[in-house]
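So this one's work-v6.cif, mmCIF, C-alpha atoms:
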```
data_entry
#
loop_
_atom_site.group_PDB
_atom_site.id
_atom_site.type_symbol
_atom_site.label_atom_id
_atom_site.label_comp_id
_atom_site.auth_asym_id
_atom_site.auth_seq_id
_atom_site.Cartn_x
_atom_site.Cartn_y
_atom_site.Cartn_z
ATOM 1 C CA MET W 1 164.438 172.920 106.797
ATOM 2 C CA TYR W 2 161.098 172.991 105.028
ATOM 3 C CA ASN W 3 160.951 169.210 105.079
ATOM 4 C CA LYS W 4 162.013 169.007 108.705
ATOM 5 C CA LEU W 5 159.893 169.112 111.823
ATOM 6 C CA VAL W 6 161.774 170.581 114.847
ATOM 7 C CA VAL W 7 160.723 169.292 118.246
ATOM 8 C CA THR W 8 162.101 171.277 121.257
ATOM 9 C CA ILE W 9 162.105 169.768 124.762
ATOM 10 C CA VAL W 10 162.848 172.111 127.693
ATOM 11 C CA ASP W 11 163.667 170.940 131.241
ATOM 12 C CA GLU W 12 165.769 172.086 134.194
ATOM 13 C CA LYS W 13 168.908 171.065 132.432
ATOM 14 C CA GLY W 14 168.152 173.183 129.462
ATOM 15 C CA SER W 15 166.510 172.629 126.109
ATOM 16 C CA LYS W 16 166.995 170.018 123.473
ATOM 17 C CA GLN W 17 165.924 170.065 119.916
ATOM 18 C CA PHE W 18 165.072 167.077 117.703
ATOM 19 C CA LYS W 19 164.665 167.305 114.005
ATOM 20 C CA VAL W 20 162.165 164.878 112.494
ATOM 21 C CA HIS W 21 161.317 164.575 108.869
ATOM 22 C CA ARG W 22 157.786 165.812 108.041
ATOM 23 C CA TYR W 23 156.847 162.455 106.380
ATOM 24 C CA ILE W 24 157.308 160.693 109.701
ATOM 25 C CA LYS W 25 154.121 162.362 110.925
ATOM 26 C CA LYS W 26 152.185 160.903 107.995
ATOM 27 C CA ILE W 27 153.779 157.514 108.537
ATOM 28 C CA ILE W 28 152.804 157.551 112.220
ATOM 29 C CA PHE W 29 149.252 158.673 111.333
ATOM 30 C CA TRP W 30 148.726 155.983 108.707
ATOM 31 C CA GLY W 31 150.381 153.407 110.956
ATOM 32 C CA ILE W 32 147.921 154.176 113.769
ATOM 33 C CA PHE W 33 145.033 154.164 111.265
ATOM 34 C CA GLY W 34 146.179 150.816 109.830
ATOM 35 C CA PHE W 35 146.489 149.305 113.298
ATOM 36 C CA ILE W 36 142.954 150.400 114.195
ATOM 37 C CA PHE W 37 141.664 149.015 110.849
ATOM 38 C CA ILE W 38 143.361 145.662 111.537
ATOM 39 C CA ILE W 39 141.778 145.500 114.998
ATOM 40 C CA ILE W 40 138.328 146.281 113.585
ATOM 41 C CA GLY W 41 138.807 143.748 110.756
ATOM 42 C CA ALA W 42 139.974 141.113 113.223
ATOM 43 C CA PHE W 43 136.874 141.766 115.350
ATOM 44 C CA PHE W 44 134.471 141.236 112.440
ATOM 45 C CA PHE W 45 136.431 138.223 111.202
ATOM 46 C CA MET W 46 136.247 136.621 114.638
ATOM 47 C CA LYS W 47 132.519 137.363 114.777
ATOM 48 C CA PHE W 48 132.046 135.768 111.347
ATOM 49 C CA LEU W 49 134.159 132.797 112.400
ATOM 50 C CA MET W 50 132.132 132.306 115.591
ATOM 51 C CA GLN W 51 128.879 132.449 113.607
ATOM 52 C CA THR W 52 130.235 129.885 111.161
ATOM 53 C CA ILE W 53 131.197 127.585 114.027
ATOM 54 C CA GLU W 54 127.702 127.942 115.499
ATOM 55 C CA ASP W 55 126.123 127.092 112.123
ATOM 56 C CA VAL W 56 128.368 124.046 111.733
ATOM 57 C CA ALA W 57 127.521 122.932 115.260
ATOM 58 C CA MET W 58 123.800 123.320 114.528
ATOM 59 C CA GLU W 59 124.102 121.316 111.295
ATOM 60 C CA GLN W 60 126.039 118.659 113.197
ATOM 61 C CA ASN W 61 123.270 118.429 115.805
ATOM 62 C CA ILE W 62 120.651 118.139 113.035
ATOM 63 C CA ALA W 63 122.702 115.423 111.310
ATOM 64 C CA ILE W 64 123.032 113.535 114.606
ATOM 65 C CA SER W 65 119.274 113.785 115.195
ATOM 66 C CA GLU W 66 118.555 112.523 111.667
ATOM 67 C CA TYR W 67 121.021 109.677 112.153
ATOM 68 C CA ARG W 68 119.357 108.683 115.424
ATOM 69 C CA TYR W 69 115.924 108.809 113.750
ATOM 70 C CA ILE W 70 117.115 106.686 110.797
ATOM 71 C CA TYR W 71 118.818 104.275 113.188
ATOM 72 C CA GLN W 72 115.597 103.921 115.188
ATOM 73 C CA GLN W 73 113.579 103.384 111.991
ATOM 74 C CA ASN W 74 116.130 100.808 110.847
ATOM 75 C CA GLU W 75 115.843 98.929 114.132
ATOM 76 C CA GLU W 76 112.039 98.930 113.879
ATOM 77 C CA LEU W 77 112.316 97.706 110.281
ATOM 78 C CA LYS W 78 114.684 94.921 111.325
ATOM 79 C CA GLU W 79 112.244 93.894 114.016
ATOM 80 C CA ARG W 80 109.356 93.864 111.527
ATOM 81 C CA ILE W 81 111.416 91.881 108.983
ATOM 82 C CA GLN W 82 112.358 89.349 111.648
ATOM 83 C CA LYS W 83 108.737 88.983 112.702
ATOM 84 C CA LYS W 84 107.610 88.580 109.089
ATOM 85 C CA THR W 85 110.396 86.046 108.505
ATOM 86 C CA ASN W 86 109.202 83.990 111.444
ATOM 87 C CA GLU W 87 105.641 84.143 110.121
ATOM 88 C CA LEU W 88 106.775 83.103 106.628
ATOM 89 C CA ASN W 89 108.714 80.168 108.075
ATOM 90 C CA VAL W 90 105.549 78.964 109.765
ATOM 91 C CA ILE W 91 103.592 79.510 106.534
ATOM 92 C CA HIS W 92 106.154 77.563 104.483
ATOM 93 C CA GLN W 93 105.913 74.754 106.999
ATOM 94 C CA ARG W 94 102.139 74.791 106.626
ATOM 95 C CA ILE W 95 102.493 74.746 102.827
ATOM 96 C CA GLY W 96 104.770 71.717 103.117
ATOM 97 C CA ASP W 97 102.115 70.031 105.236
ATOM 98 C CA LEU W 98 99.517 70.980 102.626
ATOM 99 C CA GLU W 99 101.579 69.438 99.812
ATOM 100 C CA ASN W 100 101.990 66.249 101.815
ATOM 101 C CA ILE W 101 98.272 66.099 102.422
ATOM 102 C CA ILE W 102 97.565 66.528 98.713
ATOM 103 C CA ASP W 103 100.116 63.861 97.758
ATOM 104 C CA THR W 104 98.589 61.354 100.163
ATOM 105 C CA GLN W 105 95.102 62.068 98.864
ATOM 106 C CA LYS W 106 95.842 61.749 95.139
ATOM 107 C CA ASN W 107 94.364 58.279 94.831
ATOM 108 C CA LYS W 108 91.532 58.711 97.336
ATOM 109 C CA GLN W 109 87.951 59.135 96.283
ATOM 110 C CA GLN W 110 86.761 62.746 96.074
ATOM 111 C CA ILE W 111 84.552 63.670 99.047
ATOM 112 C CA ASP W 112 81.864 66.273 99.479
ATOM 113 C CA ARG W 113 83.551 69.697 99.659
ATOM 114 C CA PHE W 114 80.749 71.222 101.680
ATOM 115 C CA GLU W 115 81.269 68.674 104.450
ATOM 116 C CA GLU W 116 85.043 69.063 104.223
ATOM 117 C CA VAL W 117 85.037 72.855 104.763
ATOM 118 C CA ASP W 118 82.775 74.381 107.363
ATOM 119 C CA LEU W 119 81.929 77.506 105.359
ATOM 120 C CA LYS W 120 79.619 78.807 108.067
ATOM 121 C CA SER W 121 82.549 79.052 110.454
ATOM 122 C CA LEU W 122 84.398 81.522 108.191
ATOM 123 C CA ASP W 123 83.880 85.141 109.182
ATOM 124 C CA ASP W 124 84.290 88.168 106.888
ATOM 125 C CA ALA W 125 87.879 88.785 108.041
ATOM 126 C CA GLN W 126 88.915 85.244 107.073
ATOM 127 C CA LYS W 127 87.141 85.451 103.721
ATOM 128 C CA ASP W 128 88.704 88.841 102.990
ATOM 129 C CA LEU W 129 92.179 87.511 103.821
ATOM 130 C CA ILE W 130 91.655 84.505 101.520
ATOM 131 C CA LEU W 131 90.545 86.835 98.690
ATOM 132 C CA ASN W 132 93.685 88.929 99.183
ATOM 133 C CA LEU W 133 96.063 85.958 99.209
ATOM 134 C CA VAL W 134 94.479 83.708 96.554
ATOM 135 C CA PRO W 135 94.205 85.034 92.949
ATOM 136 C CA ASN W 136 90.682 86.193 92.114
ATOM 137 C CA GLY W 137 88.954 88.768 89.943
ATOM 138 C CA ASP W 138 90.048 90.072 86.555
ATOM 139 C CA PRO W 139 93.627 91.413 86.337
ATOM 140 C CA ILE W 140 92.329 94.034 83.859
ATOM 141 C CA LYS W 141 89.623 96.586 84.577
ATOM 142 C CA ASP W 142 88.624 97.435 80.985
ATOM 143 C CA PHE W 143 88.490 94.860 78.184
ATOM 144 C CA PHE W 144 86.428 94.177 75.060
ATOM 145 C CA SER W 145 86.040 90.470 75.715
ATOM 146 C CA LYS W 146 87.552 87.527 77.526
ATOM 147 C CA SER W 147 87.510 83.954 76.299
ATOM 148 C CA LYS W 148 88.712 80.603 77.569
ATOM 149 C CA THR W 149 91.733 79.240 75.739
ATOM 150 C CA TYR W 150 94.211 76.385 75.974
ATOM 151 C CA SER W 151 97.519 76.526 77.778
ATOM 152 C CA LYS W 152 100.481 77.541 75.638
ATOM 153 C CA GLU W 153 102.583 74.812 77.268
ATOM 154 C CA LYS W 154 102.340 71.512 75.412
ATOM 155 C CA ASN W 155 100.738 68.473 77.069
ATOM 156 C CA LYS W 156 99.804 70.512 80.138
ATOM 157 C CA SER W 157 96.053 70.185 79.956
ATOM 158 C CA LYS W 158 93.358 69.145 77.500
ATOM 159 C CA GLU W 159 90.945 71.680 78.975
ATOM 160 C CA ALA W 160 90.632 75.349 78.013
ATOM 161 C CA LEU W 161 91.732 76.637 81.421
ATOM 162 C CA ALA W 162 93.526 79.877 80.500
ATOM 163 C CA ILE W 163 91.881 83.200 79.560
ATOM 164 C CA PHE W 164 92.645 85.609 76.735
ATOM 165 C CA TYR W 165 91.558 89.241 77.182
ATOM 166 C CA LYS W 166 91.060 91.377 74.091
ATOM 167 C CA ILE W 167 91.999 94.932 75.075
ATOM 168 C CA ASN W 168 93.214 98.318 73.895
ATOM 169 C CA PRO W 169 96.971 98.973 73.609
ATOM 170 C CA LYS W 170 98.752 100.018 76.799
ATOM 171 C CA THR W 171 95.986 98.720 79.065
ATOM 172 C CA PRO W 172 97.126 98.485 82.734
ATOM 173 C CA VAL W 173 97.476 94.973 84.186
ATOM 174 C CA TYR W 174 97.124 94.464 87.934
ATOM 175 C CA ALA W 175 98.152 91.730 90.400
ATOM 176 C CA ALA W 176 95.343 89.239 91.080
ATOM 177 C CA SER W 177 96.374 88.916 94.746
ATOM 178 C CA ASP W 178 99.253 89.590 97.131
ATOM 179 C CA GLY W 179 102.442 87.855 96.063
ATOM 180 C CA VAL W 180 106.070 87.991 94.986
ATOM 181 C CA VAL W 181 107.329 88.464 91.423
ATOM 182 C CA GLU W 182 108.998 85.107 90.803
ATOM 183 C CA THR W 183 109.789 85.262 87.081
ATOM 184 C CA ILE W 184 110.291 88.018 84.495
ATOM 185 C CA ILE W 185 110.746 86.949 80.864
ATOM 186 C CA ARG W 186 111.341 89.588 78.204
ATOM 187 C CA GLY W 187 111.360 89.518 74.420
ATOM 188 C CA GLN W 188 110.079 86.033 73.595
ATOM 189 C CA LYS W 189 107.887 87.131 70.719
ATOM 190 C CA LYS W 190 109.688 85.145 68.032
ATOM 191 C CA ASN W 191 110.464 81.933 69.888
ATOM 192 C CA PHE W 192 107.335 81.225 71.909
ATOM 193 C CA GLY W 193 104.890 83.979 71.026
ATOM 194 C CA ASN W 194 104.372 84.934 74.680
ATOM 195 C CA GLY W 195 105.908 88.387 74.512
ATOM 196 C CA ASN W 196 106.997 89.793 77.853
ATOM 197 C CA THR W 197 105.839 87.536 80.685
ATOM 198 C CA ALA W 198 105.491 87.959 84.455
ATOM 199 C CA LYS W 199 104.823 85.184 86.951
ATOM 200 C CA LEU W 200 103.621 85.956 90.475
ATOM 201 C CA ASN W 201 104.147 83.496 93.301
ATOM 202 C CA HIS W 202 101.284 83.629 95.826
ATOM 203 C CA LEU W 203 100.888 81.868 99.156
ATOM 204 C CA PHE W 204 99.655 78.289 99.578
ATOM 205 C CA GLY W 205 101.166 77.163 96.251
ATOM 206 C CA PHE W 206 99.149 79.423 93.904
ATOM 207 C CA ASN W 207 100.728 81.119 90.879
ATOM 208 C CA SER W 208 99.438 83.548 88.274
ATOM 209 C CA TRP W 209 100.913 84.089 84.780
ATOM 210 C CA TYR W 210 100.581 87.305 82.731
ATOM 211 C CA LYS W 211 101.691 86.900 79.102
ATOM 212 C CA HIS W 212 101.721 89.164 76.010
ATOM 213 C CA LEU W 213 102.772 92.126 78.161
ATOM 214 C CA ASP W 214 104.071 95.206 76.342
ATOM 215 C CA GLU W 215 105.835 96.557 79.400
ATOM 216 C CA ILE W 216 106.641 95.219 82.875
ATOM 217 C CA VAL W 217 107.002 97.772 85.690
ATOM 218 C CA VAL W 218 107.819 95.373 88.558
ATOM 219 C CA LYS W 219 111.107 93.630 89.300
ATOM 220 C CA ARG W 220 111.938 90.029 90.114
ATOM 221 C CA GLY W 221 111.712 89.411 93.869
ATOM 222 C CA GLU W 222 109.483 92.451 94.442
ATOM 223 C CA PHE W 223 106.440 92.068 96.702
ATOM 224 C CA VAL W 224 103.178 93.314 95.201
ATOM 225 C CA LYS W 225 99.760 93.729 96.756
ATOM 226 C CA LYS W 226 96.442 92.804 95.200
ATOM 227 C CA GLY W 227 95.455 95.439 92.621
ATOM 228 C CA GLU W 228 99.006 96.819 92.266
ATOM 229 C CA LEU W 229 100.177 97.679 88.730
ATOM 230 C CA ILE W 230 102.548 95.083 87.239
ATOM 231 C CA GLY W 231 102.621 96.182 83.599
ATOM 232 C CA TYR W 232 100.771 97.099 80.400
ATOM 233 C CA ALA W 233 99.363 94.941 77.604
ATOM 234 C CA GLY W 234 97.350 95.189 74.395
ATOM 235 C CA SER W 235 99.867 96.169 71.729
ATOM 236 C CA TYR W 236 101.429 92.726 71.252
ATOM 237 C CA GLY W 237 98.914 90.020 70.344
ATOM 238 C CA ASP W 238 96.000 92.443 70.873
ATOM 239 C CA GLY W 239 95.465 91.231 74.407
ATOM 240 C CA LEU W 240 96.567 89.563 77.630
ATOM 241 C CA TYR W 241 97.018 85.831 78.169
ATOM 242 C CA TYR W 242 96.276 84.861 81.801
ATOM 243 C CA GLU W 243 96.758 81.600 83.727
ATOM 244 C CA ILE W 244 96.312 80.444 87.331
ATOM 245 C CA SER W 245 97.924 77.327 88.800
ATOM 246 C CA PHE W 246 98.013 75.507 92.133
ATOM 247 C CA LEU W 247 101.092 73.419 92.933
ATOM 248 C CA ASN W 248 101.994 73.528 89.215
ATOM 249 C CA LYS W 249 98.545 72.312 88.177
ATOM 250 C CA LEU W 250 96.490 74.616 85.972
ATOM 251 C CA LEU W 251 93.145 75.732 87.383
ATOM 252 C CA SER W 252 90.161 77.218 85.605
ATOM 253 C CA ALA W 253 91.156 80.874 85.415
ATOM 254 C CA GLU W 254 87.579 81.791 84.489
ATOM 255 C CA LYS W 255 86.225 80.480 87.806
ATOM 256 C CA PHE W 256 88.732 82.511 89.784
ATOM 257 C CA THR W 257 88.128 85.713 87.804
ATOM 258 C CA LEU W 258 84.431 85.457 88.727
ATOM 259 C CA TRP W 259 85.189 84.739 92.385
ATOM 260 C CA GLY W 260 84.431 87.343 95.046
ATOM 261 C CA MET W 261 82.780 87.934 98.401
ATOM 262 C CA ASP W 262 79.277 87.608 96.916
ATOM 263 C CA ASN W 263 79.866 84.072 95.589
ATOM 264 C CA PHE W 264 82.647 83.074 97.989
ATOM 265 C CA ASP W 265 81.294 79.554 98.669
ATOM 266 C CA GLU W 266 80.861 78.677 94.990
ATOM 267 C CA ILE W 267 84.515 78.211 94.045
ATOM 268 C CA ILE W 268 85.287 76.224 97.189
ATOM 269 C CA LEU W 269 82.444 73.835 96.465
ATOM 270 C CA ASN W 270 83.253 73.423 92.759
ATOM 271 C CA GLU W 271 87.074 73.582 92.482
ATOM 272 C CA ASN W 272 88.225 70.118 93.614
ATOM 273 C CA LYS W 273 91.911 70.495 92.702
ATOM 274 C CA VAL W 274 92.574 72.540 95.836
ATOM 275 C CA ASP W 275 92.534 71.161 99.361
ATOM 276 C CA TRP W 276 90.439 74.007 100.728
ATOM 277 C CA LYS W 277 90.127 72.524 104.203
ATOM 278 C CA SER W 278 93.897 72.634 104.751
ATOM 279 C CA LEU W 279 94.088 76.096 103.199
ATOM 280 C CA VAL W 280 91.390 77.428 105.561
ATOM 281 C CA TRP W 281 93.240 75.853 108.454
ATOM 282 C CA ILE W 282 96.416 77.704 107.446
ATOM 283 C CA ILE W 283 94.463 80.971 107.068
ATOM 284 C CA GLN W 284 93.181 80.614 110.621
ATOM 285 C CA ASP W 285 96.753 80.074 111.832
ATOM 286 C CA ILE W 286 97.907 83.218 109.997
ATOM 287 C CA LEU W 287 95.186 85.303 111.615
ATOM 288 C CA LYS W 288 96.336 84.053 115.001
ATOM 289 C CA LEU W 289 99.973 84.882 114.183
ATOM 290 C CA GLN W 290 99.311 88.277 112.645
ATOM 291 C CA ASP W 291 96.792 90.253 114.670
ATOM 292 C CA TYR W 292 95.673 93.055 112.348
ATOM 293 C CA GLN W 293 94.094 94.879 115.297
ATOM 294 C CA ASN W 294 97.439 95.140 117.086
ATOM 295 C CA PRO W 295 98.163 98.852 117.824
ATOM 296 C CA TYR W 296 101.841 98.301 116.964
ATOM 297 C CA TYR W 297 101.007 97.362 113.346
ATOM 298 C CA GLU W 298 98.527 100.221 113.041
ATOM 299 C CA LYS W 299 101.149 102.663 114.268
ATOM 300 C CA VAL W 300 103.771 101.341 111.859
ATOM 301 C CA TYR W 301 101.442 101.370 108.839
ATOM 302 C CA GLU W 302 100.289 104.914 109.637
ATOM 303 C CA LYS W 303 103.899 106.062 109.229
#
```

Show me this structure written as structure tokens.
Amino acid sequence: MYNKLVVTIVDEKGSKQFKVHRYIKKIIFWGIFGFIFIIIGAFFFMKFLMQTIEDVAMEQNIAISEYRYIYQQNEELKERIQKKTNELNVIHQRIGDLENIIDTQKNKQQIDRFEEVDLKSLDDAQKDLILNLVPNGDPIKDFFSKSKTYSKEKNKSKEALAIFYKINPKTPVYAASDGVVETIIRGQKKNFGNGNTAKLNHLFGFNSWYKHLDEIVVKRGEFVKKGELIGYAGSYGDGLYYEISFLNKLLSAEKFTLWGMDNFDEIILNENKVDWKSLVWIIQDILKLQDYQNPYYEKVYEK
């Protein structure tokens, strides 16, 4: 009887007694306690689950916003690429016209360059654009000396048209004007003595060669702007070998390295291998096609 709990129920019919084991009370107590604990746990779990869902929804909204932003940027980039492609097509057409003009004038007598190009009609914007698109200035800022030398390609020219810069090892080499990296040649020290070589393809048929490079930091097909780093030189051959050509004809690199805004007219008057009149005509067309004062371009470049 010590382990029994007697429950007596009295009503009008009499009394009834029920014997319940004492452990049942503990079982009922812990059962109620466990049920309450489960309810509380379920409440906090649901709260945690709801918070997690809200966080996921927020991250989803952020991801959607980023996707829309990237999509918009991509559309703007496509539009810019298409516009640039159209401009380049016109430029290539102009270059083709320029080549035809040069071919037809090969056997004609050389005429006065000052009369051919109206230099007074060129404003500062046109001159600045020409100096950005045609190689000019030294591709190296610090050097011990520079000297005229002959082309490394046989039977190319009997004149000393190239330049050799004597410099310190690991001296930075910069692009002489805006252009595209057309050729990258690595490891030709034994065969041709040129070391690593980079060739930039500029507009209007100009090219610039950079030989004896220790390291090249640009890639083939990459667009580079004037003054942008293309590599390092000075360890191999103690310097940099530099050439400039126009329609595969070597030009005097020394003249172009000394060319700038202060003596802008000098090279046009003295370099007779280039049809400057046609080139200036193309430059004027480019300025009409690409309005640098257009707010759209300013907004894009500010980004």

Take the PyMOL selection byres ((chain W and resi 221) around 12), run it mentally on this structure, and tell me the resulting residues as a short mmCIF file (atom, residue, chain, number, x, y, z; two decimals) with C-alpha atoms, in the frame of the given file.
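So out-v5.cif came out as:
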```cif
data_model
loop_
_atom_site.label_atom_id
_atom_site.label_comp_id
_atom_site.auth_asym_id
_atom_site.auth_seq_id
_atom_site.Cartn_x
_atom_site.Cartn_y
_atom_site.Cartn_z
CA GLY W 179 102.44 87.86 96.06
CA VAL W 180 106.07 87.99 94.99
CA VAL W 181 107.33 88.46 91.42
CA GLU W 182 109.00 85.11 90.80
CA THR W 183 109.79 85.26 87.08
CA ILE W 184 110.29 88.02 84.50
CA ALA W 198 105.49 87.96 84.46
CA LYS W 199 104.82 85.18 86.95
CA LEU W 200 103.62 85.96 90.48
CA ASN W 201 104.15 83.50 93.30
CA VAL W 218 107.82 95.37 88.56
CA LYS W 219 111.11 93.63 89.30
CA ARG W 220 111.94 90.03 90.11
CA GLU W 222 109.48 92.45 94.44
CA PHE W 223 106.44 92.07 96.70
CA VAL W 224 103.18 93.31 95.20
#
```

Requested in this report: Evaluate the PyMOL selection byres ((chain W and resi 140-143) around 10) and record the selected residues as a count of residues only, following the chain and residue labels used in the document.
Outcome: 23

Taking the file above as input, evaluate the PyMOL selection byres ((chain W and resi 242) around 9) and report the hits as a PDB file with C-alpha atoms, in the frame of the given file.
```pdb
ATOM      1  CA  PRO W 139      93.627  91.413  86.337  1.00  0.00           C
ATOM      2  CA  ALA W 162      93.526  79.877  80.500  1.00  0.00           C
ATOM      3  CA  ILE W 163      91.881  83.200  79.560  1.00  0.00           C
ATOM      4  CA  PHE W 164      92.645  85.609  76.735  1.00  0.00           C
ATOM      5  CA  TYR W 165      91.558  89.241  77.182  1.00  0.00           C
ATOM      6  CA  SER W 208      99.438  83.548  88.274  1.00  0.00           C
ATOM      7  CA  TRP W 209     100.913  84.089  84.780  1.00  0.00           C
ATOM      8  CA  TYR W 210     100.581  87.305  82.731  1.00  0.00           C
ATOM      9  CA  LYS W 211     101.691  86.900  79.102  1.00  0.00           C
ATOM     10  CA  LEU W 240      96.567  89.563  77.630  1.00  0.00           C
ATOM     11  CA  TYR W 241      97.018  85.831  78.169  1.00  0.00           C
ATOM     12  CA  GLU W 243      96.758  81.600  83.727  1.00  0.00           C
ATOM     13  CA  ILE W 244      96.312  80.444  87.331  1.00  0.00           C
ATOM     14  CA  ALA W 253      91.156  80.874  85.415  1.00  0.00           C
TER      15      ALA W 253
END
```

**Report entry** Interatomic distance (Å, one decimal) between atom CA of Pro169 of chain W and atom CA of Asp214 of chain W
**Finding:**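 Going from atom CA of Pro169 of chain W over to atom CA of Asp214 of chain W, I get 8.5 Å.
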
Query raised in the report: Mind pulling up the distance from atom CA of Gly260 of chain W to atom CA of Asp124 of chain W?
Result: 11.9 Å

Query - Selected residue of minimal separation from Gly205 of chain W among W:Asp275, W:Asp285, W:Glu66, W:Glu79, counting only C-alpha atoms - result: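 With only C-alpha atoms as the atom set, the closest residue is W:Asp275.
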
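Going from atom CA of Trp259 of chain W over to atom CA of Lys127 of chain W, you cover 11.5 Å.
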
Query raised in the report: What would the list of residues within 10 Å of (100.7, 73.1, 88.8) (file frame) look like as a PyMOL selection string, if all atoms listed in the file are what count?
Result: chain W and resi 156+205-207+244-251+273

For Ala160 of chain W, list every protein, DNA or RNA residue within 6 Å, evaluated using all atoms listed in the file, and leave out those in the same chain fewer than 4 positions away; present the list as a compact mmCIF listing (two decimals) with C-alpha atoms, keeping the file's coordinate frame.
```txt
# COMPACT_ATOMS: atom_id res chain seq x y z
CA LYS W 148 88.71 80.60 77.57
CA THR W 149 91.73 79.24 75.74
CA TYR W 150 94.21 76.39 75.97
```

Where's the centre, and what are the edge lengths in Å to one decimal, of a box along x, y and z enclosing all listed atoms of segment 174-181 of chain W padded 5 Å per side, as lines of an AutoDock Vina configuration file?
```
center_x = 101.3
center_y = 91.2
center_z = 92.5
size_x = 22.0
size_y = 16.6
size_z = 19.2
```

Report task. Considering all atoms listed in the file, state which residue in the set W:Leu269, W:Val217, W:Leu258, W:Leu203 is at the smallest distance from Leu88 of chain W. Result ->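 Among the listed residues, the smallest separation from Leu88 of chain W belongs to W:Leu203.
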